[in-house]
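Reading through the structure tokens given below for one structure.
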Amino acid sequence: MSTEVAEVQAFLDGGVGRLVLNRPRALNSLTHGMVTALRATLDDWATDDRIRAVVLTGAGERGLCAGGDIRAMHDDAKAGGAGTRAFFRDEYRLNALTARYPKPYVAVLDGITMGGGVGVSAHGAVRIVTERSTVAMPETRIGIVPDVGGSRLLALAPGELGTHLGLTAASMGPGDALLCGFADHFVSSSRVPDLLDALARSTAAATGSTTAEVTALVTGLVAAHAEPAPPAALAAQRPWIDACYAADTVEEIVDRLLDSGVPEAKEAAEAVLANSPTAVKTTLAALRRARTLPSLEAVLDQEYRISCTALESHDMVEGIRAQVIDKDRTPRWNPGTLAEVTEADVARFLAPREGDELGLG
């Protein structure tokens, strides 16, 4: 008899369809098979009258999802990248589905939620953080650019907070995740099981209710279990963040950070300078463009172009090698400085890909 355990557990719990990312030893990082399983289940549940709401959680207590399986991406990139391009296509389509899902989609961002984990959670209708939540789009640290719709979330964050987070790869605690628009409610981790039980029972009893009525029921239950969130550390840093990151180029942003006289700003400059120069310049351009794009789908189209180009570049493989494979934390970026990254280099990431477009927007 097979003892294989599904990497995505899907089951009915009262009136709720429960999705559990189930690779706890790998911090529930997403494989292509998990993305495919999530999409297939959500497609089935969209027309299943027993399912009145969907709840996404992660197995274990360390996190919802640490992102995509970047070890697999590293190996695939060295072999040509065809598998990762297919992964991106399916992952980004899943991200768009969660944002437009016809039933309430509730995500519990408990513990570490980064990169691809943000993509499967933070576009949902109801997003919950706990005191254990650490939320981030850390892509520039490994030579790539925020994706999975994350560049839209960053672009829409108040002031220049999203630019700061995207260029530095900094993490958010629960208060900052709420401030920056990555979450809606704070619920203590000890209260999450009671909330899930209440959602299961109440939705099961909502026979004949409209989608709007179920949505109101779900949001009301979450609000009833919610508590005041911890303070948002970034709120007090808005003055220097907004002033410094409003500059037109990464070089000028770094100069303003270093000249500000604020210790946190100097640390931010050092973080930007440690990340891939190509990735940070492309991230700034992507975020500025994302502010003008009309929809999540249009942003995902842009991200697909950028991610596929990154897959073909030096810095993605090198960044993953340095941070995850060899763990020497000393990536050798190419180009190695901001000054060496030209406008043409950045434009190449944003350009349409002939015969290889996502085509959502």
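Residues are referred to by chain and number: the chain letter is A, B, ... according to the order shown in the structure tokens, the number counts from 1 in that chain, and ligands are numbered separately from 1 in the order shown.
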
Give me, as CSV, the closest atom pair and its distance (Å, one decimal) for every residue of stretch 242-297 of chain A within a cut-off of 10 Å of stretch 345-360 of chain A, counting only C-alpha atoms, rows sorted by chain and rising number.
residue,atom,partner,partner_atom,distance
A:Thr278,CA,A:Val346,CA,7.2
A:Ala279,CA,A:Val346,CA,8.6
A:Val280,CA,A:Val346,CA,9.8
A:Lys281,CA,A:Val346,CA,6.9
A:Thr282,CA,A:Val346,CA,5.3
A:Thr283,CA,A:Val346,CA,9.1
A:Leu284,CA,A:Val346,CA,9.7
A:Ala285,CA,A:Val346,CA,7.7
A:Ala286,CA,A:Leu350,CA,7.7
A:Arg289,CA,A:Leu350,CA,9.7
A:Ser295,CA,A:Leu360,CA,9.7
A:Leu296,CA,A:Leu360,CA,9.0
A:Glu297,CA,A:Leu360,CA,5.2

Write to file, as a PDB file, in the first residue's frame, the residues of the selection just made, with N, CA and C atoms.
ATOM      1  N   THR A 278      20.755  44.416 -11.264  1.00  0.00           N
ATOM      2  CA  THR A 278      19.777  44.306 -12.349  1.00  0.00           C
ATOM      3  C   THR A 278      18.377  44.119 -11.794  1.00  0.00           C
ATOM      4  N   ALA A 279      18.253  43.294 -10.762  1.00  0.00           N
ATOM      5  CA  ALA A 279      16.934  43.029 -10.202  1.00  0.00           C
ATOM      6  C   ALA A 279      16.339  44.269  -9.551  1.00  0.00           C
ATOM      7  N   VAL A 280      17.151  45.044  -8.823  1.00  0.00           N
ATOM      8  CA  VAL A 280      16.582  46.206  -8.148  1.00  0.00           C
ATOM      9  C   VAL A 280      16.184  47.284  -9.148  1.00  0.00           C
ATOM     10  N   LYS A 281      16.975  47.449 -10.206  1.00  0.00           N
ATOM     11  CA  LYS A 281      16.589  48.439 -11.220  1.00  0.00           C
ATOM     12  C   LYS A 281      15.342  48.000 -11.973  1.00  0.00           C
ATOM     13  N   THR A 282      15.253  46.723 -12.279  1.00  0.00           N
ATOM     14  CA  THR A 282      14.061  46.218 -12.960  1.00  0.00           C
ATOM     15  C   THR A 282      12.848  46.284 -12.043  1.00  0.00           C
ATOM     16  N   THR A 283      13.051  46.016 -10.752  1.00  0.00           N
ATOM     17  CA  THR A 283      11.952  46.099  -9.791  1.00  0.00           C
ATOM     18  C   THR A 283      11.401  47.518  -9.724  1.00  0.00           C
ATOM     19  N   LEU A 284      12.260  48.512  -9.659  1.00  0.00           N
ATOM     20  CA  LEU A 284      11.769  49.899  -9.615  1.00  0.00           C
ATOM     21  C   LEU A 284      10.941  50.214 -10.853  1.00  0.00           C
ATOM     22  N   ALA A 285      11.433  49.820 -12.025  1.00  0.00           N
ATOM     23  CA  ALA A 285      10.673  50.070 -13.255  1.00  0.00           C
ATOM     24  C   ALA A 285       9.351  49.313 -13.254  1.00  0.00           C
ATOM     25  N   ALA A 286       9.373  48.079 -12.774  1.00  0.00           N
ATOM     26  CA  ALA A 286       8.155  47.255 -12.756  1.00  0.00           C
ATOM     27  C   ALA A 286       7.111  47.834 -11.816  1.00  0.00           C
ATOM     28  N   ARG A 289       5.544  50.977 -13.299  1.00  0.00           N
ATOM     29  CA  ARG A 289       4.591  50.628 -14.366  1.00  0.00           C
ATOM     30  C   ARG A 289       3.346  49.960 -13.803  1.00  0.00           C
ATOM     31  N   SER A 295      -5.144  46.268 -14.120  1.00  0.00           N
ATOM     32  CA  SER A 295      -5.672  45.092 -13.428  1.00  0.00           C
ATOM     33  C   SER A 295      -4.542  44.201 -12.950  1.00  0.00           C
ATOM     34  N   LEU A 296      -4.880  43.297 -12.048  1.00  0.00           N
ATOM     35  CA  LEU A 296      -3.929  42.283 -11.618  1.00  0.00           C
ATOM     36  C   LEU A 296      -3.464  41.455 -12.811  1.00  0.00           C
ATOM     37  N   GLU A 297      -4.387  41.127 -13.699  1.00  0.00           N
ATOM     38  CA  GLU A 297      -4.034  40.302 -14.861  1.00  0.00           C
ATOM     39  C   GLU A 297      -2.974  40.979 -15.722  1.00  0.00           C
TER      40      GLU A 297
END

Output as a Markdown table one row per residue of stretch 34-63 of chain A within 8 Å of stretch 201-225 of chain A: the closest atom pair and its distance in Å to one decimal place, counting only C-alpha atoms, sorted by chain and residue number ascending.
| residue | atom | partner | partner_atom | distance |
| --- | --- | --- | --- | --- |
| A:Arg50 | CA | A:Ala204 | CA | 7.9 |
| A:Arg52 | CA | A:Thr203 | CA | 6.3 |
| A:Ala53 | CA | A:Thr203 | CA | 7.4 |

Produce a file of the selected residues containing N, CA and C atoms, as a short mmCIF file (atom, residue, chain, number, x, y, z; two decimals), in the first residue's frame.
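Okay, this is what ended up in part.cif:
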data_model
loop_
_atom_site.label_atom_id
_atom_site.label_comp_id
_atom_site.auth_asym_id
_atom_site.auth_seq_id
_atom_site.Cartn_x
_atom_site.Cartn_y
_atom_site.Cartn_z
N ARG A 50 -21.93 22.39 -2.29
CA ARG A 50 -21.58 22.09 -0.90
C ARG A 50 -20.52 23.07 -0.37
N ARG A 52 -19.22 26.56 0.18
CA ARG A 52 -19.71 27.94 0.21
C ARG A 52 -18.57 28.94 0.42
N ALA A 53 -17.44 28.46 0.88
CA ALA A 53 -16.25 29.30 1.05
C ALA A 53 -15.03 28.39 1.01
#

Close residues, stretch 157-165 of chain A itself excluded, 6 Å, only C-alpha atoms, min 3 positions apart in chain, as a PyMOL selection string: chain A and resi 154+168-170+180+242+245

Expected answer as a count of residues only: helix (DSSP H, G or I) residues in stretch 63-199 of chain A: 67

Computed interatomic separation between atom CA of A:Asp110 and atom CA of A:Val272 (Å): 27.2 Å

In stretch 31-127 of chain A, DSSP strand (DSSP E or B) residues written as JSON, numbers by chain: {"A": [53, 54, 55, 56, 57, 58, 63, 64, 65, 68, 105, 106, 107, 108, 109, 112, 113, 114, 126, 127]}

Counting only C-alpha atoms, the option among A:Leu19, A:Leu273, A:Ala236, A:Ala226 closest to A:Leu64: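 So, comparing all the options, the nearest one is A:Leu19.
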
Residue nearest A:Pro102 among A:Lys327, A:Ile51, A:Ala59, A:Val145 (counting only C-alpha atoms): A:Ile51

Using only C-alpha atoms: which of A:Val126, A:Ala269, A:Leu38, A:Val317 has the shortest distance to A:Ala79: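 Nearest to A:Ala79: A:Val317.
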
Of the listed residues A:Phe88, A:Gly111, A:Ala77, A:Thr98, that which approaches A:Cys65 most closely, counting only C-alpha atoms: A:Gly111

Exercise: stretch 117-122 of chain A partners within 7 Å, only C-alpha atoms, chain neighbours under 3 positions left out, as a list of chain:residue names: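 Within the cut-off, the hits are A:Leu64, A:Cys65, A:Ala66, A:Gly67, A:Asn95, A:Thr98, A:Ala107, A:Thr113, A:Met114, A:Arg127, A:Val148, A:Gly149, A:Gly150, A:Phe182, A:Ala183.
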
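Taking only C-alpha atoms into account, A:Gln302 lies nearest to A:Arg89 out of the set A:His185, A:Arg89, A:His74, A:Arg238.
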
Contact residues around A:Phe11 with only C-alpha atoms at 10 Å, ignoring same-chain residues under 5 positions, as a PyMOL selection string: chain A and resi 16-20+41+51

Separation of atom CA of A:Val55 from atom CA of A:Pro104 in Å: 8.4 Å

Shell of 10 Å around A:Asp69, only C-alpha atoms, local chain residues under 5 positions omitted, as a ChimeraX atom specification: /A:26-32,74,84,116

Would you output that residue set with C-alpha atoms, as a CSV table (one decimal), in the first residue's frame?
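Below is the file that was written, again.csv:
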chain,number,residue,atom,x,y,z
A,26,ALA,CA,10.1,22.5,3.1
A,27,LEU,CA,8.0,25.3,4.7
A,28,ASN,CA,5.3,24.3,2.3
A,29,SER,CA,7.2,25.7,-0.7
A,30,LEU,CA,5.2,25.3,-4.0
A,31,THR,CA,5.9,22.7,-6.6
A,32,HIS,CA,4.4,22.6,-10.0
A,74,HIS,CA,17.8,26.7,-10.1
A,84,THR,CA,10.0,26.8,-14.8
A,116,GLY,CA,4.7,32.4,-4.1

Atom CA of A:Glu91 to atom CA of A:Arg329, distance in Å rounded to a single decimal: 27.7 Å
